[in-house]
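S.K.: Structure file upload_7.csv (CSV, C-alpha atoms) is given on the next line.
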chain,number,residue,atom,x,y,z
A,2,MET,CA,-112.9,97.9,-11.3
A,3,GLU,CA,-114.0,101.5,-11.8
A,4,ARG,CA,-116.6,101.9,-14.6
A,5,GLY,CA,-115.5,104.0,-17.6
A,6,LEU,CA,-117.3,107.1,-18.8
A,7,LEU,CA,-119.7,107.3,-21.7
A,8,ILE,CA,-118.8,110.4,-23.6
A,9,VAL,CA,-121.3,111.5,-26.2
A,10,VAL,CA,-120.1,114.0,-28.8
A,11,SER,CA,-122.9,115.3,-30.9
A,12,GLY,CA,-123.9,118.3,-33.1
A,13,ALA,CA,-125.5,119.3,-36.3
A,14,SER,CA,-124.1,118.0,-39.6
A,15,GLY,CA,-121.1,119.9,-40.7
A,16,THR,CA,-119.8,121.0,-37.3
A,17,GLY,CA,-116.8,118.7,-37.6
A,18,LYS,CA,-117.7,116.0,-35.1
A,19,GLY,CA,-115.6,113.4,-36.9
A,20,THR,CA,-112.4,115.4,-37.1
A,21,VAL,CA,-112.6,116.5,-33.5
A,22,CYS,CA,-113.3,112.9,-32.3
A,23,ARG,CA,-110.3,111.6,-34.3
A,24,LYS,CA,-108.1,114.1,-32.5
A,25,ILE,CA,-109.5,113.1,-29.1
A,26,LEU,CA,-108.9,109.5,-29.8
A,27,SER,CA,-105.3,110.2,-30.8
A,28,ASP,CA,-104.7,112.1,-27.5
A,29,ALA,CA,-106.7,110.1,-25.0
A,30,GLN,CA,-105.7,106.9,-23.3
A,31,ASN,CA,-107.9,103.9,-22.7
A,32,MET,CA,-110.7,105.1,-24.9
A,33,TYR,CA,-112.9,103.0,-27.2
A,34,TYR,CA,-114.6,104.6,-30.2
A,35,SER,CA,-118.1,103.2,-30.5
A,36,ILE,CA,-118.7,102.2,-34.1
A,37,SER,CA,-122.2,102.6,-35.4
A,38,ALA,CA,-124.0,100.4,-37.8
A,39,THR,CA,-125.5,102.1,-40.8
A,40,THR,CA,-127.4,101.2,-44.0
A,41,ARG,CA,-126.0,104.2,-45.9
A,42,PRO,CA,-123.4,103.4,-48.6
A,43,ALA,CA,-119.7,103.8,-47.6
A,44,ARG,CA,-118.1,107.0,-48.9
A,45,VAL,CA,-114.8,106.9,-50.7
A,46,GLY,CA,-112.1,106.1,-48.1
A,47,GLU,CA,-114.5,104.6,-45.6
A,48,THR,CA,-113.9,101.0,-44.4
A,49,ASP,CA,-116.4,98.6,-42.9
A,50,GLY,CA,-115.7,98.2,-39.2
A,51,VAL,CA,-113.6,101.4,-39.0
A,52,GLU,CA,-115.9,104.4,-39.6
A,53,TYR,CA,-119.1,102.3,-39.5
A,54,PHE,CA,-120.4,98.7,-39.8
A,55,PHE,CA,-122.0,99.0,-43.2
A,56,VAL,CA,-124.9,96.6,-43.2
A,57,SER,CA,-127.9,95.9,-45.4
A,58,VAL,CA,-131.4,97.0,-44.5
A,59,GLU,CA,-132.2,93.3,-43.7
A,60,GLU,CA,-129.3,92.9,-41.4
A,61,PHE,CA,-130.1,96.2,-39.6
A,62,GLN,CA,-133.7,95.0,-39.1
A,63,GLN,CA,-132.5,91.7,-37.6
A,64,TRP,CA,-130.1,93.4,-35.2
A,65,LEU,CA,-132.9,95.7,-34.2
A,66,ALA,CA,-135.3,92.8,-33.5
A,67,GLU,CA,-132.5,91.2,-31.4
A,68,GLY,CA,-132.3,94.3,-29.2
A,69,LYS,CA,-128.7,95.0,-30.2
A,70,PHE,CA,-129.1,98.8,-30.5
A,71,LEU,CA,-128.8,101.3,-27.7
A,72,GLU,CA,-130.5,103.7,-30.1
A,73,HIS,CA,-131.3,103.8,-33.8
A,74,ALA,CA,-132.6,106.5,-36.1
A,75,GLU,CA,-133.4,107.2,-39.7
A,76,VAL,CA,-131.6,110.2,-41.1
A,77,TYR,CA,-132.0,111.2,-44.7
A,78,GLY,CA,-133.5,107.8,-45.6
A,79,ASN,CA,-130.7,105.8,-44.0
A,80,PHE,CA,-130.7,103.8,-40.8
A,81,TYR,CA,-128.1,104.3,-38.1
A,82,GLY,CA,-127.8,102.3,-34.8
A,83,THR,CA,-125.5,102.1,-31.8
A,84,PRO,CA,-124.5,98.6,-30.8
A,85,ARG,CA,-125.3,98.4,-27.1
A,86,HIS,CA,-123.3,95.3,-25.9
A,87,LYS,CA,-120.0,96.6,-27.2
A,88,ILE,CA,-120.3,99.8,-25.2
A,89,GLU,CA,-121.4,98.1,-22.0
A,90,GLU,CA,-118.5,95.6,-22.2
A,91,ARG,CA,-115.9,98.4,-22.5
A,92,LEU,CA,-117.5,100.6,-19.8
A,93,ASN,CA,-117.5,97.6,-17.4
A,94,HIS,CA,-113.9,97.0,-18.1
A,95,GLY,CA,-113.0,100.6,-17.0
A,96,GLU,CA,-112.6,101.9,-20.5
A,97,ASP,CA,-114.1,105.2,-21.6
A,98,VAL,CA,-116.3,105.0,-24.6
A,99,LEU,CA,-116.5,107.9,-27.1
A,100,LEU,CA,-119.8,108.0,-29.0
A,101,GLU,CA,-120.0,110.3,-32.0
A,102,ILE,CA,-123.6,110.6,-32.9
A,103,ASP,CA,-126.3,112.8,-34.5
A,104,THR,CA,-128.6,114.8,-32.3
A,105,GLN,CA,-131.6,112.5,-32.7
A,106,GLY,CA,-129.5,109.5,-31.5
A,107,ALA,CA,-128.0,111.5,-28.7
A,108,LEU,CA,-131.4,112.5,-27.3
A,109,SER,CA,-132.4,108.8,-27.2
A,110,VAL,CA,-129.1,107.8,-25.4
A,111,MET,CA,-129.6,110.7,-23.0
A,112,GLU,CA,-132.8,109.0,-21.7
A,113,LYS,CA,-131.3,105.6,-21.4
A,114,CYS,CA,-127.8,106.6,-20.0
A,115,PRO,CA,-128.3,109.6,-17.7
A,116,ASP,CA,-124.8,109.2,-16.3
A,117,GLY,CA,-123.2,109.8,-19.7
A,118,VAL,CA,-121.4,113.0,-20.5
A,119,TYR,CA,-123.2,115.0,-23.3
A,120,ILE,CA,-121.2,117.4,-25.3
A,121,PHE,CA,-122.7,119.5,-28.2
A,122,LEU,CA,-120.3,120.8,-30.8
A,123,LEU,CA,-121.2,124.1,-32.4
A,124,PRO,CA,-119.8,125.7,-35.6
A,125,PRO,CA,-118.2,129.1,-35.0
A,126,SER,CA,-120.8,130.8,-37.2
A,127,LEU,CA,-123.6,129.8,-39.6
A,128,GLU,CA,-121.5,131.1,-42.5
A,129,GLU,CA,-118.8,128.7,-41.6
A,130,LEU,CA,-121.3,125.8,-41.2
A,131,GLN,CA,-122.6,126.6,-44.7
A,132,ALA,CA,-119.1,126.6,-46.1
A,133,ARG,CA,-118.3,123.3,-44.4
A,134,ILE,CA,-121.4,121.5,-45.7
A,135,LYS,CA,-120.6,122.8,-49.2
A,136,ASN,CA,-117.0,121.8,-49.0
A,137,ARG,CA,-117.9,118.2,-48.2
A,138,GLY,CA,-119.2,118.2,-51.8
A,139,THR,CA,-121.1,115.0,-51.5
A,140,GLU,CA,-124.5,116.6,-51.7
A,141,SER,CA,-126.9,117.6,-54.5
A,142,PRO,CA,-128.1,121.3,-54.2
A,143,GLU,CA,-131.4,120.0,-52.8
A,144,THR,CA,-129.7,117.8,-50.2
A,145,PHE,CA,-127.4,120.7,-49.3
A,146,ALA,CA,-130.4,123.1,-48.7
A,147,ARG,CA,-132.2,120.5,-46.6
A,148,ARG,CA,-129.1,119.7,-44.6
A,149,PHE,CA,-128.2,123.3,-43.9
A,150,GLN,CA,-131.8,124.1,-42.9
A,151,SER,CA,-131.9,121.0,-40.6
A,152,ALA,CA,-128.5,121.9,-39.2
A,153,THR,CA,-129.5,125.4,-38.1
A,154,ASN,CA,-132.7,124.0,-36.6
A,155,GLU,CA,-130.7,121.4,-34.7
A,156,ILE,CA,-128.6,124.0,-32.9
A,157,GLU,CA,-131.5,124.6,-30.5
A,158,ILE,CA,-131.2,121.0,-29.4
A,159,GLY,CA,-127.8,121.8,-27.9
A,160,LYS,CA,-129.4,123.5,-25.0
A,161,LYS,CA,-130.5,120.0,-23.7
A,162,TYR,CA,-126.8,118.9,-23.4
A,163,GLN,CA,-124.5,119.5,-20.4
A,164,TYR,CA,-121.6,121.0,-22.3
A,165,VAL,CA,-121.2,123.1,-25.5
A,166,VAL,CA,-117.9,123.4,-27.4
A,167,VAL,CA,-117.4,125.8,-30.3
A,168,ASN,CA,-115.3,124.1,-33.0
A,169,ASP,CA,-113.3,127.1,-34.2
A,170,SER,CA,-110.1,125.0,-34.1
A,171,VAL,CA,-110.0,121.2,-34.0
A,172,ASP,CA,-107.1,121.2,-31.5
A,173,ALA,CA,-108.7,123.6,-29.1
A,174,ALA,CA,-112.1,121.8,-29.3
A,175,ALA,CA,-110.5,118.5,-28.6
A,176,GLU,CA,-108.5,119.9,-25.7
A,177,LYS,CA,-111.7,121.3,-24.2
A,178,ILE,CA,-113.4,117.9,-24.5
A,179,LEU,CA,-110.4,116.2,-22.9
A,180,ALA,CA,-110.7,118.7,-20.0
A,181,ILE,CA,-114.4,117.9,-19.7
A,182,ILE,CA,-113.6,114.2,-19.5
A,183,SER,CA,-111.0,114.9,-16.8
A,184,ALA,CA,-113.4,117.1,-14.8
A,185,GLU,CA,-116.2,114.5,-15.0
A,186,ARG,CA,-113.9,111.9,-13.5
A,187,CYS,CA,-113.6,114.3,-10.5
A,188,ARG,CA,-117.4,114.6,-9.9
A,189,VAL,CA,-118.3,113.7,-6.3
A,190,SER,CA,-121.2,111.6,-7.6
A,191,ARG,CA,-118.7,109.4,-9.5
A,192,ASN,CA,-116.3,109.1,-6.5
A,193,LYS,CA,-118.3,107.8,-3.6
A,194,GLN,CA,-115.8,105.0,-3.1
A,195,ILE,CA,-113.0,107.4,-2.3
A,196,PHE,CA,-114.9,108.7,0.7
A,197,GLU,CA,-115.8,105.2,1.8
A,198,LYS,CA,-112.1,104.2,1.6
A,199,LEU,CA,-111.0,107.1,3.8
A,200,VAL,CA,-113.8,106.6,6.3
A,201,LYS,CA,-112.8,102.9,6.7
A,202,GLU,CA,-109.3,103.9,7.6
A,203,ARG,CA,-110.4,105.7,10.7
N,28,MET,CA,-118.4,141.3,-20.7
N,29,GLU,CA,-118.6,137.6,-19.7
N,30,ARG,CA,-118.7,137.1,-16.0
N,31,GLY,CA,-115.8,135.2,-14.5
N,32,LEU,CA,-116.1,131.9,-12.5
N,33,LEU,CA,-116.0,131.7,-8.7
N,34,ILE,CA,-113.8,128.7,-8.0
N,35,VAL,CA,-114.0,127.5,-4.4
N,36,VAL,CA,-111.2,125.1,-3.3
N,37,SER,CA,-111.8,123.7,0.1
N,38,GLY,CA,-110.9,120.7,2.2
N,39,ALA,CA,-110.0,119.7,5.7
N,40,SER,CA,-106.9,121.2,7.4
N,41,GLY,CA,-103.7,119.6,6.2
N,42,THR,CA,-104.9,118.5,2.7
N,43,GLY,CA,-102.6,121.0,1.1
N,44,LYS,CA,-105.1,123.6,-0.2
N,45,GLY,CA,-102.6,126.4,0.0
N,46,THR,CA,-99.8,124.7,-2.1
N,47,VAL,CA,-102.3,123.5,-4.7
N,48,CYS,CA,-103.8,127.0,-5.0
N,49,ARG,CA,-100.4,128.6,-5.5
N,50,LYS,CA,-99.7,126.1,-8.3
N,51,ILE,CA,-103.1,126.9,-9.9
N,52,LEU,CA,-102.4,130.7,-9.7
N,53,SER,CA,-99.0,130.3,-11.3
N,54,ASP,CA,-100.5,128.3,-14.3
N,55,ALA,CA,-103.9,130.0,-14.8
N,56,GLN,CA,-104.5,133.3,-16.6
N,57,ASN,CA,-106.8,136.1,-15.6
N,58,MET,CA,-107.3,134.7,-12.1
N,59,TYR,CA,-107.7,136.7,-8.9
N,60,TYR,CA,-106.9,135.0,-5.6
N,61,SER,CA,-109.4,136.1,-3.0
N,62,ILE,CA,-107.6,137.2,0.2
N,63,SER,CA,-109.4,136.6,3.4
N,64,ALA,CA,-109.4,138.7,6.5
N,65,THR,CA,-108.4,137.0,9.7
N,66,THR,CA,-107.9,137.8,13.3
N,67,ARG,CA,-105.3,135.0,13.8
N,68,PRO,CA,-101.7,136.2,14.2
N,69,ALA,CA,-99.5,136.0,11.1
N,70,ARG,CA,-97.2,133.0,10.9
N,71,VAL,CA,-93.5,133.4,10.1
N,72,GLY,CA,-93.2,134.4,6.4
N,73,GLU,CA,-96.8,135.6,6.0
N,74,THR,CA,-97.4,139.2,4.9
N,75,ASP,CA,-100.5,141.3,5.5
N,76,GLY,CA,-102.4,141.7,2.2
N,77,VAL,CA,-100.7,138.7,0.7
N,78,GLU,CA,-101.8,135.5,2.5
N,79,TYR,CA,-104.4,137.3,4.5
N,80,PHE,CA,-105.5,140.7,5.6
N,81,PHE,CA,-104.5,140.5,9.3
N,82,VAL,CA,-106.9,142.5,11.3
N,83,SER,CA,-107.8,143.1,14.9
N,84,VAL,CA,-110.9,141.7,16.5
N,85,GLU,CA,-112.4,145.2,16.6
N,86,GLU,CA,-111.7,145.8,12.9
N,87,PHE,CA,-113.2,142.5,12.0
N,88,GLN,CA,-116.4,143.3,13.9
N,89,GLN,CA,-116.7,146.6,12.1
N,90,TRP,CA,-116.3,145.0,8.6
N,91,LEU,CA,-118.9,142.5,9.7
N,92,ALA,CA,-121.3,145.2,10.8
N,93,GLU,CA,-120.8,147.0,7.4
N,94,GLY,CA,-121.8,143.8,5.6
N,95,LYS,CA,-118.4,143.4,3.9
N,96,PHE,CA,-118.2,139.6,4.3
N,97,LEU,CA,-119.5,137.0,1.9
N,98,GLU,CA,-119.1,134.6,4.8
N,99,HIS,CA,-117.3,134.6,8.1
N,100,ALA,CA,-116.5,131.9,10.6
N,101,GLU,CA,-114.7,131.2,13.8
N,102,VAL,CA,-112.1,128.4,13.6
N,103,TYR,CA,-110.0,127.4,16.6
N,104,GLY,CA,-110.9,130.7,18.3
N,105,ASN,CA,-110.0,133.0,15.4
N,106,PHE,CA,-112.2,134.8,13.0
N,107,TYR,CA,-112.0,134.5,9.2
N,108,GLY,CA,-114.0,136.4,6.6
N,109,THR,CA,-114.2,136.6,2.8
N,110,PRO,CA,-114.5,140.2,1.5
N,111,ARG,CA,-117.5,140.2,-0.8
N,112,HIS,CA,-117.0,143.4,-2.8
N,113,LYS,CA,-113.5,142.5,-4.1
N,114,ILE,CA,-114.9,139.2,-5.4
N,115,GLU,CA,-117.9,140.7,-7.1
N,116,GLU,CA,-115.8,143.4,-8.7
N,117,ARG,CA,-113.4,140.9,-10.3
N,118,LEU,CA,-116.2,138.5,-11.5
N,119,ASN,CA,-118.0,141.4,-13.1
N,120,HIS,CA,-114.8,142.3,-15.0
N,121,GLY,CA,-114.6,138.8,-16.4
N,122,GLU,CA,-111.8,137.6,-14.1
N,123,ASP,CA,-112.0,134.2,-12.4
N,124,VAL,CA,-111.8,134.3,-8.7
N,125,LEU,CA,-110.1,131.6,-6.7
N,126,LEU,CA,-111.3,131.2,-3.2
N,127,GLU,CA,-109.4,128.9,-0.8
N,128,ILE,CA,-111.5,128.4,2.2
N,129,ASP,CA,-112.2,126.0,5.1
N,130,THR,CA,-115.3,123.7,4.9
N,131,GLN,CA,-117.5,125.9,7.2
N,132,GLY,CA,-116.9,128.9,5.0
N,133,ALA,CA,-117.4,127.0,1.8
N,134,LEU,CA,-120.8,125.7,2.9
N,135,SER,CA,-121.9,129.3,3.6
N,136,VAL,CA,-120.7,130.5,0.2
N,137,MET,CA,-122.4,127.5,-1.5
N,138,GLU,CA,-125.8,128.9,-0.3
N,139,LYS,CA,-125.1,132.4,-1.4
N,140,CYS,CA,-123.4,131.6,-4.8
N,141,PRO,CA,-125.0,128.5,-6.3
N,142,ASP,CA,-123.3,129.2,-9.6
N,143,GLY,CA,-119.8,128.8,-8.1
N,144,VAL,CA,-117.6,125.8,-8.7
N,145,TYR,CA,-117.0,123.8,-5.6
N,146,ILE,CA,-114.0,121.6,-5.4
N,147,PHE,CA,-113.1,119.5,-2.3
N,148,LEU,CA,-109.5,118.5,-1.9
N,149,LEU,CA,-108.8,115.1,-0.1
N,150,PRO,CA,-105.6,113.7,1.3
N,151,PRO,CA,-104.5,110.4,-0.3
N,152,SER,CA,-104.9,108.7,3.1
N,153,LEU,CA,-105.5,109.5,6.7
N,154,GLU,CA,-101.9,108.4,7.5
N,155,GLU,CA,-100.7,111.1,5.0
N,156,LEU,CA,-103.0,113.7,6.5
N,157,GLN,CA,-101.7,112.9,10.0
N,158,ALA,CA,-98.1,113.3,8.8
N,159,ARG,CA,-98.9,116.6,7.1
N,160,ILE,CA,-100.6,118.1,10.1
N,161,LYS,CA,-97.6,117.0,12.3
N,162,ASN,CA,-95.0,118.3,9.8
N,163,ARG,CA,-96.6,121.7,9.9
N,164,GLY,CA,-95.2,121.8,13.4
N,165,THR,CA,-97.2,124.8,14.6
N,166,GLU,CA,-99.5,122.9,16.9
N,167,SER,CA,-99.3,121.7,20.5
N,168,PRO,CA,-100.1,118.0,21.0
N,169,GLU,CA,-103.7,119.0,22.1
N,170,THR,CA,-104.2,121.2,19.1
N,171,PHE,CA,-102.9,118.5,16.9
N,172,ALA,CA,-105.2,115.8,18.2
N,173,ARG,CA,-108.2,118.2,17.9
N,174,ARG,CA,-107.2,119.3,14.4
N,175,PHE,CA,-106.7,115.7,13.2
N,176,GLN,CA,-110.1,114.5,14.6
N,177,SER,CA,-111.8,117.5,13.1
N,178,ALA,CA,-110.1,116.9,9.7
N,179,THR,CA,-111.3,113.3,9.5
N,180,ASN,CA,-114.8,114.4,10.5
N,181,GLU,CA,-114.7,117.1,7.8
N,182,ILE,CA,-114.1,114.6,5.0
N,183,GLU,CA,-117.8,113.7,5.0
N,184,ILE,CA,-118.6,117.3,4.1
N,185,GLY,CA,-116.9,116.8,0.8
N,186,LYS,CA,-120.0,114.9,-0.5
N,187,LYS,CA,-121.8,118.2,-0.7
N,188,TYR,CA,-119.4,119.6,-3.2
N,189,GLN,CA,-119.5,119.1,-7.0
N,190,TYR,CA,-116.0,117.9,-7.5
N,191,VAL,CA,-113.4,116.0,-5.4
N,192,VAL,CA,-109.7,115.9,-6.1
N,193,VAL,CA,-107.2,113.7,-4.3
N,194,ASN,CA,-104.0,115.6,-3.6
N,195,ASP,CA,-101.5,112.9,-4.0
N,196,SER,CA,-99.3,115.2,-6.1
N,197,VAL,CA,-99.6,119.0,-6.2
N,198,ASP,CA,-99.0,119.2,-10.0
N,199,ALA,CA,-101.6,116.5,-10.8
N,200,ALA,CA,-104.2,118.0,-8.4
N,201,ALA,CA,-103.6,121.5,-9.9
N,202,GLU,CA,-103.9,120.1,-13.4
N,203,LYS,CA,-107.2,118.4,-12.5
N,204,ILE,CA,-108.6,121.7,-11.1
N,205,LEU,CA,-107.6,123.6,-14.2
N,206,ALA,CA,-109.4,121.0,-16.3
N,207,ILE,CA,-112.5,121.5,-14.0
N,208,ILE,CA,-112.3,125.2,-14.6
N,209,SER,CA,-112.0,124.7,-18.4
N,210,ALA,CA,-114.9,122.3,-18.4
N,211,GLU,CA,-117.2,124.5,-16.3
N,212,ARG,CA,-116.7,127.3,-18.9
N,213,CYS,CA,-118.2,124.9,-21.4
N,214,ARG,CA,-121.4,124.3,-19.4
N,215,VAL,CA,-124.5,124.9,-21.5
N,216,SER,CA,-126.0,126.9,-18.6
N,217,ARG,CA,-123.1,129.3,-18.8
N,218,ASN,CA,-123.2,129.7,-22.6
N,219,LYS,CA,-126.8,130.7,-23.4
N,220,GLN,CA,-125.4,133.7,-25.3
N,221,ILE,CA,-123.6,131.5,-27.9
N,222,PHE,CA,-126.9,129.9,-28.9
N,223,GLU,CA,-128.6,133.4,-29.1
N,224,LYS,CA,-125.8,134.7,-31.3
N,225,LEU,CA,-126.1,131.8,-33.8
N,226,VAL,CA,-129.8,132.0,-33.9
N,227,LYS,CA,-129.7,135.7,-34.6
N,228,GLU,CA,-127.5,135.0,-37.7
N,229,ARG,CA,-130.3,133.1,-39.4
Now, as a test, write the supplied structure out as C-alpha cells.
M.R.:
Amino acid sequence: MERGLLIVVSGASGTGKGTVCRKILSDAQNMYYSISATTRPARVGETDGVEYFFVSVEEFQQWLAEGKFLEHAEVYGNFYGTPRHKIEERLNHGEDVLLEIDTQGALSVMEKCPDGVYIFLLPPSLEELQARIKNRGTESPETFARRFQSATNEIEIGKKYQYVVVNDSVDAAAEKILAIISAERCRVSRNKQIFEKLVKER
Amino acid sequence: MERGLLIVVSGASGTGKGTVCRKILSDAQNMYYSISATTRPARVGETDGVEYFFVSVEEFQQWLAEGKFLEHAEVYGNFYGTPRHKIEERLNHGEDVLLEIDTQGALSVMEKCPDGVYIFLLPPSLEELQARIKNRGTESPETFARRFQSATNEIEIGKKYQYVVVNDSVDAAAEKILAIISAERCRVSRNKQIFEKLVKER
C-alpha cells in the first residue's frame, strides 16, 4: 500500500485558505480533510466535527496530555490542535490528507513531517487582504488592526515553505495546488519502488 | 521579465520521449522545443530544423569549437549536441524551453543548469520497452540487443532526476509533466519577487 501525501495549506489570516481547500476537496479524489480541535467558539454556520472539533479548554488539555496532537498552538487566546492519529491512519491507508492550518502550526508540522508538501497561500495584494479581513465582519476594530498587522508580518514566513500560490481566484489557486499534488506524486524520492520493480524484471 | 523554465525530459531509448514531448508541446503555451544538432542521418519523415539540425561531422566539430553546445555526446557512433544560445535567448524572454534528451546529455545539463526541471520517463515494464524498441524496426538484431541492454542499464540513472513519470499512456504522461511544470512555477525559490512586492506595499 502506497502511503498518501500530507498536504499542508497555510497562509496568513484572510488569504482564503478555507475557500480554496473546500474547492480542492470537491475536485480531488481519495483525500481526507484533517479536522482540527479548537477551544474557540463556533461561528454561525459552523458544525462540530465538520469545520472543527469544538472542545472545552479542559478537554483540550486532556488530549494534549495524552499526546493526541501533531501540533497545537494558541492564536488570539484560543487553542488549536491537529489530531495526530487520524492523519497517520489515513496516510497509511494510501489516502492523501489535506491540512489547512495557520502559520505557527505549519512550522511545527514541518519539523515533525519533513516529507509533507508545504504550500503557502498569499493574497494578491495587501489592499485585498485588508478588504477580506474587513468583509469577514467578525472582528472588533482592535482585533481587525491586530489581525491585519499580524497577517502582513506572517507573509515573510512563507519563504520557509516549498510552494507559494497567489489566491487571486479560488479556482485557479485550487488548480495550482492540485497540480502541485500531482507533481509531488512523481518525485523520484517518493517512487523508489518503481525502479526496484523494473530492476527485478531483468 | 520572468525567466522561463528549462524542462528536461529524458529516459532510456524506447520509452516514448518523442511522442510525449509532442503532446506536451501541443497542449502547453509559450513553450519552445529545443532542437538538437546531430550527425546521424535523417530517418524517413524527419526534416532538417524540425526534429534535428542534421549536420556533417565537420560542421559539428566547428560548432563545438565555437562553444555553441550546452552539452554534446556520442551515442551509437553519432554526435548529438544542444545549442546553448537558442535556449538562453528563449528563457530570458520568459518562454519555457522543453529539452528532450538522452540520459548522458541530461546528466551534463544537470551540472550546468541546476535550476532546470529534470523529468525521467520510464516504460511501464521491460517487456513493453522491448516491444517498443522492436516495433521501431530501424535496428539490426545486434543493434537491438545492444540498445535494449543499454536501456535497462539506463533506468538506474533515473534516480538522479527530480521527477519520474511512467509512460503507460501518452496523454496521462503528458498531463503529469504539465502538472510538474505548473507546480515548479509555484516553488518559493522561483517566486522571491512576489514576497518583495507584497512587503513593499506595507
S.K.: Would you mind listing what lies within 12 Å of Leu91 of chain N as an MDAnalysis selection string, with all atoms listed in the file counted and same-chain residues fewer than 2 positions away left out?
M.R.: chainID N and resid 64:65 84:89 93:100 106:111
S.K.: N:Thr130, N:Asn105, N:Ser152, N:Asn162: which is nearest chain A, counting only C-alpha atoms?
M.R.: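 Closest to chain A, using only C-alpha atoms: N:Ser152.
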S.K.: Per residue of chain N within 7 Å of chain A, note the shortest atom pair and the distance in Å to one decimal, counting only C-alpha atoms, and order the rows by chain and increasing residue number, as a Markdown table.
M.R.:
| residue | atom | partner | partner_atom | distance |
| --- | --- | --- | --- | --- |
| N:Ser152 | CA | A:Leu199 | CA | 6.3 |
| N:Leu153 | CA | A:Leu199 | CA | 6.7 |
| N:Lys186 | CA | A:Val189 | CA | 6.2 |
| N:Tyr188 | CA | A:Val189 | CA | 6.8 |
| N:Gln189 | CA | A:Val189 | CA | 5.6 |
| N:Tyr190 | CA | A:Arg188 | CA | 4.3 |
| N:Val191 | CA | A:Cys187 | CA | 5.4 |
| N:Val192 | CA | A:Cys187 | CA | 6.1 |
| N:Lys203 | CA | A:Ser183 | CA | 6.7 |
| N:Ala206 | CA | A:Ala180 | CA | 4.5 |
| N:Ile207 | CA | A:Ala184 | CA | 4.6 |
| N:Ser209 | CA | A:Ala180 | CA | 6.3 |
| N:Ala210 | CA | A:Ile181 | CA | 4.6 |
| N:Cys213 | CA | A:Tyr164 | CA | 5.3 |
| N:Arg214 | CA | A:Tyr164 | CA | 4.4 |
| N:Val215 | CA | A:Tyr164 | CA | 4.9 |
| N:Leu225 | CA | A:Ser126 | CA | 6.4 |
| N:Glu228 | CA | A:Leu127 | CA | 6.8 |
S.K.: With C-alpha atoms retained, write the just-selected residues as a JSON list (two decimals), in the coordinates of the input.
M.R.:
[["chain", "number", "residue", "atom", "x", "y", "z"],
["N", 152, "SER", "CA", -104.90, 108.70, 3.10],
["N", 153, "LEU", "CA", -105.50, 109.50, 6.70],
["N", 186, "LYS", "CA", -120.00, 114.90, -0.50],
["N", 188, "TYR", "CA", -119.40, 119.60, -3.20],
["N", 189, "GLN", "CA", -119.50, 119.10, -7.00],
["N", 190, "TYR", "CA", -116.00, 117.90, -7.50],
["N", 191, "VAL", "CA", -113.40, 116.00, -5.40],
["N", 192, "VAL", "CA", -109.70, 115.90, -6.10],
["N", 203, "LYS", "CA", -107.20, 118.40, -12.50],
["N", 206, "ALA", "CA", -109.40, 121.00, -16.30],
["N", 207, "ILE", "CA", -112.50, 121.50, -14.00],
["N", 209, "SER", "CA", -112.00, 124.70, -18.40],
["N", 210, "ALA", "CA", -114.90, 122.30, -18.40],
["N", 213, "CYS", "CA", -118.20, 124.90, -21.40],
["N", 214, "ARG", "CA", -121.40, 124.30, -19.40],
["N", 215, "VAL", "CA", -124.50, 124.90, -21.50],
["N", 225, "LEU", "CA", -126.10, 131.80, -33.80],
["N", 228, "GLU", "CA", -127.50, 135.00, -37.70]]
S.K.: Could you check which of A:Met111, A:Leu26, A:Ala152, A:Ala43 is closest to Ser14 of chain A, using all atoms listed in the file?
M.R.: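 Using all atoms listed in the file, Ser14 of chain A sits closest to A:Ala152.
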S.K.: Using all atoms listed in the file, which of the listed residues (N:Asn194, N:Gln220, N:Gln131, N:Thr170) sits closest to Gly45 of chain N?
M.R.: N:Asn194
S.K.: Record the distance separating atom CA of Asp116 of chain A and atom CA of Arg91 of chain A, expressed in Å with one decimal.
M.R.: 15.3 Å
S.K.: Go through N:Tyr60, N:Phe81, N:Phe175, N:Trp90 and flag the residue nearest Thr42 of chain N, using all atoms listed in the file for the distances.
M.R.: N:Phe175
S.K.: Quick one: residues within 12 Å of Lys135 of chain A, only C-alpha atoms, excluding same-chain residues fewer than 3 positions away - as a list in words?
M.R.: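 In the requested format, the answer is Ser14, Gly15, Glu128, Glu129, Leu130, Gln131, Ala132, Gly138, Thr139, Glu140, Ser141, Pro142, Glu143, Thr144, Phe145, Ala146, Arg148 and Phe149 of chain A.
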S.K.: How many Å lie between atom CA of Gly143 of chain N and atom CA of Arg67 of chain N, rounded to one decimal?
M.R.: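 Spanning atom CA of Gly143 of chain N to atom CA of Arg67 of chain N is a straight-line distance of 27.0 Å.
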S.K.: Using all atoms listed in the file, which of A:Met2, A:Val9, A:Val171, A:Glu90 sits nearest Ser109 of chain A?
M.R.: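 That would be A:Val9, the residue with the smallest distance to Ser109 of chain A.
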S.K.: If I take atom CA of Asp103 of chain A and atom CA of Glu3 of chain A, how far is one from the other in Å, to one decimal?
M.R.: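 Atom CA of Glu3 of chain A lies at a distance of 28.2 Å from atom CA of Asp103 of chain A.
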S.K.: Which is closer to Ile34 of chain N than all the others in N:Ala133, N:Leu125, N:Ile62, N:Ala201, using all atoms listed in the file?
M.R.: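 Closest candidate: N:Leu125.
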